>>> print(open('start01.pdb').read())   # PDB, C-alpha atoms
ATOM      1  CA  MET U   1     -28.805 -45.393 -18.664
ATOM      2  CA  THR U   2     -26.871 -43.954 -15.718
ATOM      3  CA  THR U   3     -23.127 -44.099 -16.195
ATOM      4  CA  VAL U   4     -20.443 -44.183 -13.528
ATOM      5  CA  LYS U   5     -19.537 -40.587 -14.361
ATOM      6  CA  ASP U   6     -23.140 -39.416 -13.909
ATOM      7  CA  ALA U   7     -23.435 -41.268 -10.613
ATOM      8  CA  LEU U   8     -20.165 -39.744  -9.404
ATOM      9  CA  TRP U   9     -21.295 -36.213 -10.273
ATOM     10  CA  ARG U  10     -24.656 -36.815  -8.608
ATOM     11  CA  TRP U  11     -22.892 -38.015  -5.460
ATOM     12  CA  LEU U  12     -20.529 -35.039  -5.430
ATOM     13  CA  LEU U  13     -23.371 -32.540  -5.908
ATOM     14  CA  THR U  14     -25.443 -34.192  -3.195
ATOM     15  CA  ALA U  15     -22.478 -34.188  -0.819
ATOM     16  CA  GLY U  16     -21.850 -30.513  -1.549
ATOM     17  CA  ALA U  17     -25.484 -29.622  -0.879
ATOM     18  CA  LEU U  18     -25.543 -31.593   2.373
ATOM     19  CA  LEU U  19     -22.260 -29.986   3.436
ATOM     20  CA  SER U  20     -23.709 -26.513   2.856
ATOM     21  CA  VAL U  21     -26.785 -27.324   4.913
ATOM     22  CA  GLY U  22     -24.619 -28.859   7.623
ATOM     23  CA  LEU U  23     -22.398 -25.773   7.813
ATOM     24  CA  LEU U  24     -25.457 -23.545   8.155
ATOM     25  CA  LEU U  25     -26.870 -25.715  10.942
ATOM     26  CA  PHE U  26     -23.493 -25.769  12.698
ATOM     27  CA  LEU U  27     -23.287 -21.982  12.486
ATOM     28  CA  VAL U  28     -26.767 -21.547  13.961
ATOM     29  CA  VAL U  29     -26.157 -24.057  16.775
ATOM     30  CA  PHE U  30     -22.771 -22.501  17.599
ATOM     31  CA  MET U  31     -24.201 -18.979  17.732
ATOM     32  CA  VAL U  32     -27.128 -20.077  19.889
ATOM     33  CA  ASN U  33     -24.803 -21.923  22.292
ATOM     34  CA  GLN U  34     -22.549 -18.881  22.710
ATOM     35  CA  SER U  35     -25.543 -16.552  23.109
ATOM     36  CA  LEU U  36     -27.388 -18.565  25.790
ATOM     37  CA  PRO U  37     -25.645 -16.976  28.820
ATOM     38  CA  ALA U  38     -26.628 -13.485  27.641
ATOM     39  CA  LEU U  39     -30.156 -14.527  26.730
ATOM     40  CA  ARG U  40     -30.648 -16.063  30.178
ATOM     41  CA  ALA U  41     -29.098 -13.173  32.121
ATOM     42  CA  ILE U  42     -30.510 -10.268  30.104
ATOM     43  CA  GLY U  43     -33.669 -11.666  28.581
ATOM     44  CA  LEU U  44     -34.664 -11.672  24.936
ATOM     45  CA  GLU U  45     -37.111  -8.779  25.256
ATOM     46  CA  LYS U  46     -34.670  -6.488  27.065
ATOM     47  CA  LEU U  47     -31.901  -7.432  24.623
ATOM     48  CA  LEU U  48     -33.969  -6.674  21.525
ATOM     49  CA  LEU U  49     -35.936  -3.666  22.801
ATOM     50  CA  GLY U  50     -33.416  -2.072  25.129
ATOM     51  CA  THR U  51     -32.190   1.334  23.968
ATOM     52  CA  GLU U  52     -28.891   1.550  25.889
ATOM     53  CA  TRP U  53     -25.686  -0.358  25.244
ATOM     54  CA  ARG U  54     -23.228   0.252  28.061
ATOM     55  CA  PRO U  55     -21.287  -2.934  28.768
ATOM     56  CA  VAL U  56     -18.825  -1.332  31.202
ATOM     57  CA  ILE U  57     -20.298   0.756  34.051
ATOM     58  CA  TYR U  58     -18.490   0.890  37.367
ATOM     59  CA  ASP U  59     -21.277   2.213  39.605
ATOM     60  CA  GLU U  60     -24.320   0.704  37.838
ATOM     61  CA  ALA U  61     -25.412  -2.527  36.197
ATOM     62  CA  PRO U  62     -24.275  -2.929  32.563
ATOM     63  CA  GLN U  63     -26.878  -2.277  29.885
ATOM     64  CA  TYR U  64     -27.227  -4.453  26.795
ATOM     65  CA  GLY U  65     -29.882  -3.086  24.451
ATOM     66  CA  LEU U  66     -29.650  -3.778  20.714
ATOM     67  CA  PHE U  67     -32.672  -1.837  19.501
ATOM     68  CA  PRO U  68     -30.781   1.236  18.144
ATOM     69  CA  MET U  69     -28.289  -1.015  16.331
ATOM     70  CA  LEU U  70     -31.068  -3.134  14.854
ATOM     71  CA  LEU U  71     -32.842  -0.032  13.564
ATOM     72  CA  SER U  72     -29.601   1.390  12.161
ATOM     73  CA  THR U  73     -28.797  -1.880  10.390
ATOM     74  CA  VAL U  74     -32.222  -2.080   8.760
ATOM     75  CA  TYR U  75     -32.306   1.648   7.966
ATOM     76  CA  VAL U  76     -28.921   1.902   6.251
ATOM     77  CA  SER U  77     -29.381  -1.410   4.411
ATOM     78  CA  ALA U  78     -32.851  -0.507   3.129
ATOM     79  CA  LEU U  79     -31.630   2.858   1.835
ATOM     80  CA  ALA U  80     -28.601   1.271   0.182
ATOM     81  CA  VAL U  81     -30.737  -1.376  -1.520
ATOM     82  CA  LEU U  82     -33.150   1.305  -2.723
ATOM     83  CA  PHE U  83     -30.340   3.411  -4.203
ATOM     84  CA  SER U  84     -28.630   0.418  -5.819
ATOM     85  CA  LEU U  85     -31.957  -0.902  -7.129
ATOM     86  CA  VAL U  86     -32.632   2.267  -9.098
ATOM     87  CA  LEU U  87     -29.073   2.587 -10.415
ATOM     88  CA  GLY U  88     -28.497  -1.137 -10.909
ATOM     89  CA  VAL U  89     -31.661  -1.819 -12.879
ATOM     90  CA  GLY U  90     -31.038   1.248 -15.031
ATOM     91  CA  CYS U  91     -27.436   0.258 -15.745
ATOM     92  CA  ALA U  92     -28.385  -3.355 -16.483
ATOM     93  CA  LEU U  93     -31.159  -2.272 -18.843
ATOM     94  CA  PHE U  94     -28.808   0.083 -20.655
ATOM     95  CA  LEU U  95     -26.099  -2.558 -21.009
ATOM     96  CA  ALA U  96     -28.588  -5.168 -22.191
ATOM     97  CA  CYS U  97     -30.507  -3.102 -24.751
ATOM     98  CA  ALA U  98     -28.408  -0.113 -25.799
ATOM     99  CA  VAL U  99     -24.837  -1.422 -25.858
ATOM    100  CA  GLY U 100     -23.242  -3.672 -28.442
ATOM    101  CA  ASP U 101     -21.965  -7.124 -27.609
ATOM    102  CA  ARG U 102     -18.280  -6.121 -27.788
ATOM    103  CA  LEU U 103     -18.638  -3.104 -25.515
ATOM    104  CA  ARG U 104     -20.785  -5.134 -23.105
ATOM    105  CA  ALA U 105     -18.149  -7.876 -22.976
ATOM    106  CA  PHE U 106     -15.613  -5.203 -22.004
ATOM    107  CA  LEU U 107     -17.781  -3.443 -19.418
ATOM    108  CA  ILE U 108     -19.120  -6.483 -17.550
ATOM    109  CA  PRO U 109     -15.704  -7.613 -16.173
ATOM    110  CA  SER U 110     -15.017  -4.019 -15.169
ATOM    111  CA  ILE U 111     -18.255  -3.900 -13.195
ATOM    112  CA  ASP U 112     -17.611  -7.297 -11.621
ATOM    113  CA  LEU U 113     -14.177  -6.074 -10.575
ATOM    114  CA  LEU U 114     -15.856  -3.537  -8.274
ATOM    115  CA  ALA U 115     -17.143  -6.420  -6.150
ATOM    116  CA  GLY U 116     -13.584  -7.538  -5.439
ATOM    117  CA  ILE U 117     -12.347  -4.230  -4.038
ATOM    118  CA  PRO U 118     -11.744  -4.498  -0.255
ATOM    119  CA  SER U 119     -14.396  -2.836   1.853
ATOM    120  CA  VAL U 120     -11.800  -0.748   3.679
ATOM    121  CA  VAL U 121     -11.011   0.960   0.369
ATOM    122  CA  TYR U 122     -14.664   1.889  -0.019
ATOM    123  CA  GLY U 123     -14.565   3.126   3.562
ATOM    124  CA  PHE U 124     -11.606   5.422   2.876
ATOM    125  CA  VAL U 125     -13.232   6.786  -0.278
ATOM    126  CA  GLY U 126     -16.499   7.320   1.582
ATOM    127  CA  LEU U 127     -14.701   9.040   4.444
ATOM    128  CA  TYR U 128     -12.784  11.456   2.240
ATOM    129  CA  VAL U 129     -15.427  12.021  -0.450
ATOM    130  CA  VAL U 130     -18.952  11.428   0.859
ATOM    131  CA  VAL U 131     -18.399  12.532   4.459
ATOM    132  CA  ARG U 132     -16.362  15.619   3.552
ATOM    133  CA  THR U 133     -18.868  16.591   0.866
ATOM    134  CA  MET U 134     -21.670  16.491   3.438
ATOM    135  CA  GLU U 135     -19.554  18.592   5.807
ATOM    136  CA  ARG U 136     -19.035  21.201   3.084
ATOM    137  CA  MET U 137     -22.810  21.283   2.580
ATOM    138  CA  GLY U 138     -23.274  22.527   6.136
ATOM    139  CA  ARG U 139     -23.381  19.414   8.275
ATOM    140  CA  ALA U 140     -21.260  19.687  11.408
ATOM    141  CA  ALA U 141     -20.406  15.999  11.083
ATOM    142  CA  GLY U 142     -20.761  14.303   7.728
ATOM    143  CA  GLU U 143     -20.772  10.848   9.296
ATOM    144  CA  SER U 144     -24.383   9.710   9.074
ATOM    145  CA  ILE U 145     -26.847   7.044   8.002
ATOM    146  CA  LEU U 146     -27.083   8.726   4.591
ATOM    147  CA  ALA U 147     -23.301   8.561   4.096
ATOM    148  CA  GLY U 148     -23.302   4.890   5.047
ATOM    149  CA  SER U 149     -26.152   4.084   2.676
ATOM    150  CA  ILE U 150     -24.423   5.835  -0.231
ATOM    151  CA  VAL U 151     -21.191   3.903   0.330
ATOM    152  CA  LEU U 152     -23.117   0.642   0.739
ATOM    153  CA  ALA U 153     -25.112   1.307  -2.427
ATOM    154  CA  VAL U 154     -21.907   1.593  -4.447
ATOM    155  CA  MET U 155     -20.573  -1.613  -2.886
ATOM    156  CA  ILE U 156     -23.633  -3.732  -3.693
ATOM    157  CA  LEU U 157     -24.207  -2.185  -7.120
ATOM    158  CA  PRO U 158     -22.153  -4.870  -8.972
ATOM    159  CA  TYR U 159     -24.326  -7.640  -7.487
ATOM    160  CA  MET U 160     -27.493  -5.898  -8.604
ATOM    161  CA  ILE U 161     -26.205  -5.161 -12.112
ATOM    162  CA  SER U 162     -24.802  -8.650 -12.742
ATOM    163  CA  THR U 163     -27.945 -10.455 -11.571
ATOM    164  CA  CYS U 164     -30.330  -8.270 -13.561
ATOM    165  CA  LEU U 165     -28.115  -8.085 -16.644
ATOM    166  CA  HIS U 166     -28.019 -11.850 -17.187
ATOM    167  CA  THR U 167     -31.814 -12.031 -17.332
ATOM    168  CA  MET U 168     -32.215  -8.902 -19.455
ATOM    169  CA  VAL U 169     -29.683 -10.004 -22.087
ATOM    170  CA  GLN U 170     -31.489 -13.324 -22.543
ATOM    171  CA  LEU U 171     -34.833 -11.567 -22.902
ATOM    172  CA  ARG U 172     -33.466  -9.053 -25.392
ATOM    173  CA  HIS U 173     -31.970 -11.777 -27.604
ATOM    174  CA  GLY U 174     -35.291 -13.617 -27.533
ATOM    175  CA  TRP U 175     -37.344 -10.612 -28.654
ATOM    176  CA  GLN U 176     -34.861  -8.701 -30.807
ATOM    177  CA  ASP U 177     -35.816 -10.278 -34.145
ATOM    178  CA  ALA U 178     -39.553  -9.950 -33.552
ATOM    179  CA  SER U 179     -39.164  -6.326 -32.440
ATOM    180  CA  ASP U 180     -37.079  -5.464 -35.514
ATOM    181  CA  ALA U 181     -39.631  -7.127 -37.795
ATOM    182  CA  LEU U 182     -42.461  -5.090 -36.270
ATOM    183  CA  GLY U 183     -40.472  -1.861 -36.356
ATOM    184  CA  VAL U 184     -40.459  -1.471 -32.583
ATOM    185  CA  SER U 185     -37.765   0.852 -31.261
ATOM    186  CA  ARG U 186     -35.197  -0.582 -28.894
ATOM    187  CA  TRP U 187     -36.239   1.836 -26.137
ATOM    188  CA  TYR U 188     -39.861   0.694 -26.374
ATOM    189  CA  MET U 189     -38.705  -2.916 -26.280
ATOM    190  CA  ALA U 190     -36.547  -2.171 -23.246
ATOM    191  CA  ALA U 191     -39.276  -0.344 -21.317
ATOM    192  CA  GLU U 192     -42.326  -2.410 -22.285
ATOM    193  CA  LEU U 193     -40.907  -5.904 -22.834
ATOM    194  CA  VAL U 194     -37.512  -6.470 -21.231
ATOM    195  CA  LEU U 195     -38.012  -4.539 -17.991
ATOM    196  CA  PRO U 196     -41.414  -6.004 -16.983
ATOM    197  CA  ALA U 197     -40.245  -9.540 -17.795
ATOM    198  CA  SER U 198     -37.107  -9.121 -15.663
ATOM    199  CA  LYS U 199     -38.959  -9.005 -12.348
ATOM    200  CA  LYS U 200     -37.618 -12.368 -11.221
ATOM    201  CA  GLY U 201     -33.999 -11.357 -11.834
ATOM    202  CA  ILE U 202     -34.563  -8.012 -10.126
ATOM    203  CA  LEU U 203     -36.081  -9.761  -7.111
ATOM    204  CA  VAL U 204     -33.137 -12.165  -6.845
ATOM    205  CA  GLY U 205     -30.670  -9.290  -7.186
ATOM    206  CA  THR U 206     -32.465  -7.349  -4.458
ATOM    207  CA  ALA U 207     -32.278 -10.322  -2.092
ATOM    208  CA  LEU U 208     -28.539 -10.783  -2.722
ATOM    209  CA  ALA U 209     -27.879  -7.075  -2.340
ATOM    210  CA  ALA U 210     -29.842  -6.908   0.930
ATOM    211  CA  GLY U 211     -27.838  -9.779   2.423
ATOM    212  CA  ARG U 212     -24.568  -8.215   1.319
ATOM    213  CA  ALA U 213     -25.530  -4.812   2.708
ATOM    214  CA  MET U 214     -26.630  -6.042   6.142
ATOM    215  CA  GLY U 215     -23.429  -7.996   6.672
ATOM    216  CA  GLU U 216     -21.014  -5.230   5.683
ATOM    217  CA  THR U 217     -18.785  -3.985   8.491
ATOM    218  CA  MET U 218     -15.653  -1.988   7.734
ATOM    219  CA  ALA U 219     -16.938   0.562   5.212
ATOM    220  CA  VAL U 220     -20.076   1.325   7.243
ATOM    221  CA  MET U 221     -18.083   1.558  10.462
ATOM    222  CA  MET U 222     -15.865   4.254   8.934
ATOM    223  CA  VAL U 223     -18.619   6.601   7.719
ATOM    224  CA  MET U 224     -21.566   6.248  10.136
ATOM    225  CA  GLY U 225     -20.071   7.677  13.329
ATOM    226  CA  ASN U 226     -20.674   4.557  15.496
ATOM    227  CA  ALA U 227     -23.022   6.218  17.981
ATOM    228  CA  VAL U 228     -25.646   4.194  19.853
ATOM    229  CA  LEU U 229     -28.555   6.443  18.887
ATOM    230  CA  ARG U 230     -31.928   6.043  17.257
ATOM    231  CA  PRO U 231     -31.125   6.390  13.562
ATOM    232  CA  THR U 232     -32.095   9.434  11.548
ATOM    233  CA  LEU U 233     -31.196  10.145   7.944
ATOM    234  CA  LEU U 234     -28.574  12.778   8.721
ATOM    235  CA  GLY U 235     -27.692  11.501  12.177
ATOM    236  CA  LYS U 236     -25.043   9.074  13.343
ATOM    237  CA  GLY U 237     -25.694   5.408  13.934
ATOM    238  CA  GLU U 238     -24.059   2.042  14.466
ATOM    239  CA  THR U 239     -24.871  -1.276  12.842
ATOM    240  CA  ILE U 240     -24.732  -4.650  14.581
ATOM    241  CA  SER U 241     -21.755  -5.772  12.510
ATOM    242  CA  ALA U 242     -19.845  -2.598  13.415
ATOM    243  CA  LEU U 243     -20.678  -3.098  17.099
ATOM    244  CA  ILE U 244     -19.265  -6.627  17.045
ATOM    245  CA  ALA U 245     -16.124  -5.566  15.168
ATOM    246  CA  LEU U 246     -15.423  -2.691  17.564
ATOM    247  CA  GLU U 247     -15.996  -4.518  20.849
ATOM    248  CA  MET U 248     -15.212  -8.198  20.307
ATOM    249  CA  GLY U 249     -11.477  -7.630  20.708
ATOM    250  CA  THR U 250     -11.907  -5.974  24.111
ATOM    251  CA  ALA U 251     -14.582  -8.300  25.539
ATOM    252  CA  GLU U 252     -13.347 -10.867  28.050
ATOM    253  CA  VAL U 253     -13.871 -14.414  26.834
ATOM    254  CA  GLY U 254     -16.694 -16.049  28.760
ATOM    255  CA  SER U 255     -18.030 -12.759  30.121
ATOM    256  CA  LEU U 256     -21.588 -11.495  29.779
ATOM    257  CA  HIS U 257     -20.318  -8.834  27.370
ATOM    258  CA  PHE U 258     -18.730 -11.520  25.196
ATOM    259  CA  SER U 259     -21.953 -13.548  25.127
ATOM    260  CA  ALA U 260     -24.026 -10.444  24.406
ATOM    261  CA  LEU U 261     -21.937  -9.749  21.311
ATOM    262  CA  TYR U 262     -22.612 -13.296  20.126
ATOM    263  CA  ALA U 263     -26.303 -12.671  20.800
ATOM    264  CA  ALA U 264     -26.068  -9.560  18.626
ATOM    265  CA  GLY U 265     -24.541 -11.672  15.851
ATOM    266  CA  LEU U 266     -27.316 -14.232  16.290
ATOM    267  CA  CYS U 267     -29.930 -11.479  15.911
ATOM    268  CA  LEU U 268     -28.264 -10.367  12.683
ATOM    269  CA  LEU U 269     -28.159 -13.950  11.405
ATOM    270  CA  VAL U 270     -31.841 -14.498  12.188
ATOM    271  CA  LEU U 271     -32.703 -11.191  10.527
ATOM    272  CA  LEU U 272     -30.857 -12.209   7.350
ATOM    273  CA  LEU U 273     -32.541 -15.623   7.315
ATOM    274  CA  MET U 274     -35.951 -13.982   7.728
ATOM    275  CA  ILE U 275     -35.286 -11.587   4.852
ATOM    276  CA  ASN U 276     -34.127 -14.395   2.563
ATOM    277  CA  LEU U 277     -37.161 -16.471   3.544
ATOM    278  CA  ALA U 278     -39.475 -13.546   2.852
ATOM    279  CA  PHE U 279     -37.956 -13.029  -0.605
ATOM    280  CA  SER U 280     -38.251 -16.755  -1.322
ATOM    281  CA  LEU U 281     -41.914 -16.861  -0.278
ATOM    282  CA  LEU U 282     -42.647 -13.719  -2.291
ATOM    283  CA  ARG U 283     -41.012 -15.223  -5.361
ATOM    284  CA  ARG U 284     -43.038 -18.434  -5.050
ATOM    285  CA  LYS U 285     -46.251 -16.477  -4.587
ATOM    286  CA  LEU U 286     -45.585 -14.336  -7.649
ATOM    287  CA  ASP U 287     -44.696 -17.488  -9.624
ATOM    288  CA  ARG U 288     -48.027 -19.077  -8.698
ATOM    289  CA  GLU U 289     -49.916 -15.928  -9.638
ATOM    290  CA  GLY U 290     -48.102 -15.731 -12.966
ATOM    291  CA  VAL U 291     -46.598 -12.325 -12.211
ATOM    292  CA  LEU U 292     -43.004 -13.516 -12.746
TER     293      LEU U 292
END
>>> encode(input="start01.pdb", output="structure tokens")
Amino acid sequence: MTTVKDALWRWLLTAGALLSVGLLLFLVVFMVNQSLPALRAIGLEKLLLGTEWRPVIYDEAPQYGLFPMLLSTVYVSALAVLFSLVLGVGCALFLACAVGDRLRAFLIPSIDLLAGIPSVVYGFVGLYVVVRTMERMGRAAGESILAGSIVLAVMILPYMISTCLHTMVQLRHGWQDASDALGVSRWYMAAELVLPASKKGILVGTALAAGRAMGETMAVMMVMGNAVLRPTLLGKGETISALIALEMGTAEVGSLHFSALYAAGLCLLVLLLMINLAFSLLRRKLDREGVL
């Protein structure tokens, strides 16, 4: 029988879910509305595939091409997710299967604390450690896509570890007694039982880490060089979020430049939604096939 308390909680949860969906729809509609002047004046194809971004030219028409920034955003985010995936899964597996409960209870809050450090702090550390190390190794300028991906990987590592660790700890507790009874070593259990069964948690962690990486601004802006160039591993680049942060304050409200920056933000938003949708569809497909 449904009580008043249950009905109240159901109403509150439903209202919260509808509010979340409404905020997302409002965000999309607002971004589209602000981007329409640029989309009409520049054209979607030229905006997405153009290779030059020069909003202020006195003797020529301004150029608004987002292609180098789109490539840089995807490039640095993909590398960061790859680095954090390897380190995060390894750390989570170690904490779940090789560390005692007391030590794990101490280490987990320490790892979660890394997620609360301001991004500008990571940017300073990356600038004075990663960038200078690359300069000492012979690079004329250490600011590069590789430096940005390393800093981003450290920033998203707590998300990857926390998501994977929760699943792995549950799996280890479920199989620990049976493994001990059969005389299976903990490393065999970790490699052959816990890790393969943690695919769903790893997939969720990868999706969260990818969204966090693509939206990061300050730390990446400080270590990538902010050059509108086709990205290479050891070359400079500029992400869409860094472009918006650098130029939004100087763009005249209502100008084509101002609308083009909103269009850049809309492209980033659509890209994030597409990635999340792809991960969701992949997860459902693997669920149906019994892989997860």
>>> closest_atom_pairs(input="start01.pdb", of="region 189-269 of chain U", to="region 144-168 of chain U", cutoff="8 Å", atoms="only C-alpha atoms", output="CSV")
residue,atom,partner,partner_atom,distance
U:Val194,CA,U:Met168,CA,6.1
U:Leu195,CA,U:Met168,CA,7.4
U:Ser198,CA,U:Met168,CA,6.2
U:Gly201,CA,U:Cys164,CA,5.1
U:Ile202,CA,U:Cys164,CA,5.5
U:Val204,CA,U:Thr163,CA,7.2
U:Gly205,CA,U:Met160,CA,4.9
U:Thr206,CA,U:Met160,CA,6.6
U:Leu208,CA,U:Tyr159,CA,7.1
U:Ala209,CA,U:Ile156,CA,5.6
U:Arg212,CA,U:Ile156,CA,6.8
U:Ala213,CA,U:Leu152,CA,6.3
U:Glu216,CA,U:Leu152,CA,8.0
U:Ala219,CA,U:Val151,CA,7.3
U:Val220,CA,U:Gly148,CA,5.3
U:Val223,CA,U:Gly148,CA,5.7
U:Met224,CA,U:Ser144,CA,4.6
U:Gly225,CA,U:Ser144,CA,6.4
U:Pro231,CA,U:Ile145,CA,7.0
U:Thr232,CA,U:Ile145,CA,6.8
U:Leu233,CA,U:Ile145,CA,5.3
U:Leu234,CA,U:Ser144,CA,5.2
U:Gly235,CA,U:Ser144,CA,4.9
U:Lys236,CA,U:Ser144,CA,4.4
U:Gly237,CA,U:Ile145,CA,6.3
>>> write_last_selection(input="start01.pdb", atoms="C-alpha atoms", output="compact mmCIF listing (two decimals), keeping the file's coordinate frame")
# COMPACT_ATOMS: atom_id res chain seq x y z
CA VAL U 194 -37.51 -6.47 -21.23
CA LEU U 195 -38.01 -4.54 -17.99
CA SER U 198 -37.11 -9.12 -15.66
CA GLY U 201 -34.00 -11.36 -11.83
CA ILE U 202 -34.56 -8.01 -10.13
CA VAL U 204 -33.14 -12.16 -6.84
CA GLY U 205 -30.67 -9.29 -7.19
CA THR U 206 -32.47 -7.35 -4.46
CA LEU U 208 -28.54 -10.78 -2.72
CA ALA U 209 -27.88 -7.08 -2.34
CA ARG U 212 -24.57 -8.22 1.32
CA ALA U 213 -25.53 -4.81 2.71
CA GLU U 216 -21.01 -5.23 5.68
CA ALA U 219 -16.94 0.56 5.21
CA VAL U 220 -20.08 1.32 7.24
CA VAL U 223 -18.62 6.60 7.72
CA MET U 224 -21.57 6.25 10.14
CA GLY U 225 -20.07 7.68 13.33
CA PRO U 231 -31.12 6.39 13.56
CA THR U 232 -32.10 9.43 11.55
CA LEU U 233 -31.20 10.14 7.94
CA LEU U 234 -28.57 12.78 8.72
CA GLY U 235 -27.69 11.50 12.18
CA LYS U 236 -25.04 9.07 13.34
CA GLY U 237 -25.69 5.41 13.93
>>> resolve_selection(input="start01.pdb", expression="the PyMOL selection byres ((chain U and resi 190) around 10)", output="ChimeraX atom specification")
/U:93-94,96-98,168,171-172,185-189,191-197
>>> residues_around(input="start01.pdb", residues="Leu269 (chain U)", least_positions_apart="2", cutoff="10 Å", atoms="all atoms listed in the file", output="MDAnalysis selection string")
chainID U and resid 27:28 31 211 214:215 263:267 271:275
>>> write_last_selection(input="start01.pdb", atoms="C-alpha atoms", output="PDB file, keeping the file's coordinate frame")
ATOM      1  CA  LEU U  27     -23.287 -21.982  12.486  1.00  0.00           C
ATOM      2  CA  VAL U  28     -26.767 -21.547  13.961  1.00  0.00           C
ATOM      3  CA  MET U  31     -24.201 -18.979  17.732  1.00  0.00           C
ATOM      4  CA  GLY U 211     -27.838  -9.779   2.423  1.00  0.00           C
ATOM      5  CA  MET U 214     -26.630  -6.042   6.142  1.00  0.00           C
ATOM      6  CA  GLY U 215     -23.429  -7.996   6.672  1.00  0.00           C
ATOM      7  CA  ALA U 263     -26.303 -12.671  20.800  1.00  0.00           C
ATOM      8  CA  ALA U 264     -26.068  -9.560  18.626  1.00  0.00           C
ATOM      9  CA  GLY U 265     -24.541 -11.672  15.851  1.00  0.00           C
ATOM     10  CA  LEU U 266     -27.316 -14.232  16.290  1.00  0.00           C
ATOM     11  CA  CYS U 267     -29.930 -11.479  15.911  1.00  0.00           C
ATOM     12  CA  LEU U 271     -32.703 -11.191  10.527  1.00  0.00           C
ATOM     13  CA  LEU U 272     -30.857 -12.209   7.350  1.00  0.00           C
ATOM     14  CA  LEU U 273     -32.541 -15.623   7.315  1.00  0.00           C
ATOM     15  CA  MET U 274     -35.951 -13.982   7.728  1.00  0.00           C
ATOM     16  CA  ILE U 275     -35.286 -11.587   4.852  1.00  0.00           C
TER      17      ILE U 275
END
>>> atom_distance(input="start01.pdb", atom1="CA of Val130 (chain U)", atom2="CA of Ala92 (chain U)")
24.7 Å
>>> atom_distance(input="start01.pdb", atom1="CA of Arg102 (chain U)", atom2="CA of Val89 (chain U)")
20.5 Å
>>> residues_around(input="start01.pdb", residues="region 34-36 of chain U", least_positions_apart="4", cutoff="12 Å", atoms="all atoms listed in the file", output="CSV table (one decimal) with C-alpha atoms, keeping the file's coordinate frame")
chain,number,residue,atom,x,y,z
U,27,LEU,CA,-23.3,-22.0,12.5
U,28,VAL,CA,-26.8,-21.5,14.0
U,29,VAL,CA,-26.2,-24.1,16.8
U,30,PHE,CA,-22.8,-22.5,17.6
U,40,ARG,CA,-30.6,-16.1,30.2
U,41,ALA,CA,-29.1,-13.2,32.1
U,42,ILE,CA,-30.5,-10.3,30.1
U,43,GLY,CA,-33.7,-11.7,28.6
U,44,LEU,CA,-34.7,-11.7,24.9
U,47,LEU,CA,-31.9,-7.4,24.6
U,253,VAL,CA,-13.9,-14.4,26.8
U,254,GLY,CA,-16.7,-16.0,28.8
U,255,SER,CA,-18.0,-12.8,30.1
U,256,LEU,CA,-21.6,-11.5,29.8
U,257,HIS,CA,-20.3,-8.8,27.4
U,258,PHE,CA,-18.7,-11.5,25.2
U,259,SER,CA,-22.0,-13.5,25.1
U,260,ALA,CA,-24.0,-10.4,24.4
U,261,LEU,CA,-21.9,-9.7,21.3
U,262,TYR,CA,-22.6,-13.3,20.1
U,263,ALA,CA,-26.3,-12.7,20.8
U,264,ALA,CA,-26.1,-9.6,18.6
U,265,GLY,CA,-24.5,-11.7,15.9
U,266,LEU,CA,-27.3,-14.2,16.3
U,267,CYS,CA,-29.9,-11.5,15.9
>>> resolve_selection(input="start01.pdb", expression="the PyMOL selection byres ((chain U and resi 242) around 8)", output="VMD selection string")
chain U and resid 217 to 218 220 to 221 226 238 to 241 243 to 246
>>> atom_distance(input="start01.pdb", atom1="CA of Arg284 (chain U)", atom2="CA of Ser20 (chain U)")
22.4 Å
>>> closest_residue(input="start01.pdb", among="U:Pro37, U:Ala227, U:Val32, U:Gly174", to="Trp53 (chain U)", atoms="all atoms listed in the file")
U:Ala227
>>> closest_residue(input="start01.pdb", among="U:Gly142, U:Pro68, U:Pro62, U:Gly90", to="Leu48 (chain U)", atoms="only C-alpha atoms")
U:Pro68
>>> axis_aligned_box(input="start01.pdb", around="region 141-160 of chain U", padding_each_side="5 Å", output="JSON")
{"center_x": -23.9, "center_y": 4.2, "center_z": 1.1, "size_x": 17.1, "size_y": 33.6, "size_z": 30.1}
